[in-house]
Amino acid sequence: MKQMRQDQSSDLIFIFGHDELIIHRRYEVLSIINDLMLAMWFAIGSVCFFYTGEILTIGVWLFLIGSIQLMIRPIIRLARSIHLKRLPDSSDSY
């Protein structure tokens with residue numbers, strides 16, 4: 001069974017039975033995943049440009065998706081820089 005928890009150091013921890021997956025610096029990991037997907041869209045889209053017809057159209061759409069995903073990169077960087085943290089209720093602090 002998969003469980004998820006977040007410890008005090010803001011690491012994300014996923015528990016799979018007797019195994020734990022610990023994600024440090026989650027915004028950095030999110031940025032890396034975004035970059036990998038971006039590279040995949042552009043690589044597949046580039047190959048599609050060697051063909052005509054519907055495959056060429058797929059290539060154009062993949063380039064559009066990749067271009068839109070390029071806009072996500074600064075959003076991730078901004079979210080990493082500006083991180084909101086929920087403060088405890090005033091009744092809990094006393």
# chains A, B, ... in the order shown; residues from 1 in each chain; ligands from 1

$ residues_around --residues "Arg26 of chain A" --least-positions-apart "4" --cutoff "9 Å" --atoms "only C-alpha atoms" --output "list in words"
Ser10, Asp11, Leu12, Leu30, Ser31 and Arg80 of chain A

$ write_last_selection --atoms "N, CA, C and O atoms" --output "mmCIF file, in the first residue's frame"
data_model
loop_
_atom_site.group_PDB
_atom_site.id
_atom_site.type_symbol
_atom_site.label_atom_id
_atom_site.label_comp_id
_atom_site.auth_asym_id
_atom_site.auth_seq_id
_atom_site.Cartn_x
_atom_site.Cartn_y
_atom_site.Cartn_z
ATOM 1 N N SER A 10 10.561 19.383 5.024
ATOM 2 C CA SER A 10 9.817 19.569 3.778
ATOM 3 C C SER A 10 10.186 18.558 2.704
ATOM 4 O O SER A 10 9.973 18.795 1.531
ATOM 5 N N ASP A 11 10.757 17.422 3.107
ATOM 6 C CA ASP A 11 10.970 16.324 2.172
ATOM 7 C C ASP A 11 9.643 15.595 1.987
ATOM 8 O O ASP A 11 8.860 15.474 2.907
ATOM 9 N N LEU A 12 9.411 15.113 0.772
ATOM 10 C CA LEU A 12 8.255 14.264 0.535
ATOM 11 C C LEU A 12 8.695 12.821 0.661
ATOM 12 O O LEU A 12 9.713 12.433 0.090
ATOM 13 N N LEU A 30 10.874 18.606 -9.549
ATOM 14 C CA LEU A 30 9.810 18.985 -10.472
ATOM 15 C C LEU A 30 10.386 19.662 -11.711
ATOM 16 O O LEU A 30 9.956 19.392 -12.835
ATOM 17 N N SER A 31 11.374 20.503 -11.529
ATOM 18 C CA SER A 31 12.025 21.173 -12.645
ATOM 19 C C SER A 31 12.755 20.180 -13.553
ATOM 20 O O SER A 31 12.704 20.290 -14.783
ATOM 21 N N ARG A 80 9.620 27.989 -6.287
ATOM 22 C CA ARG A 80 10.710 27.581 -5.393
ATOM 23 C C ARG A 80 11.198 28.779 -4.586
ATOM 24 O O ARG A 80 11.544 28.658 -3.416
#

$ closest_residue --among "A:Leu56, A:Ile65, A:Ile75, A:Leu21" --to "Met37 of chain A" --atoms "only C-alpha atoms"
A:Ile65

$ atom_distance --atom1 "atom CA of Met71 of chain A" --atom2 "atom CA of Thr57 of chain A"
21.9 Å

$ closest_residue --among "A:Glu20, A:Glu28, A:Leu62, A:Arg77" --to "Val47 of chain A" --atoms "only C-alpha atoms"
A:Leu62

$ closest_residue --among "A:Ile55, A:Ile82, A:Leu64, A:Ile76" --to "Tyr27 of chain A" --atoms "only C-alpha atoms"
A:Ile76

$ atom_distance --atom1 "atom CA of Ile58 of chain A" --atom2 "atom CA of Leu70 of chain A"
18.4 Å

$ atom_distance --atom1 "atom CA of Gly59 of chain A" --atom2 "atom CA of Trp41 of chain A"
8.6 Å

$ residues_around --residues "Met40 of chain A" --least-positions-apart "5" --cutoff "9 Å" --atoms "only C-alpha atoms" --output "PyMOL selection string"
chain A and resi 35+45+66

$ select_by_dssp --residues "segment 1-92 of chain A" --states "strand (DSSP E or B)" --output "ChimeraX atom specification"
/A:2-6,12-16,19-23
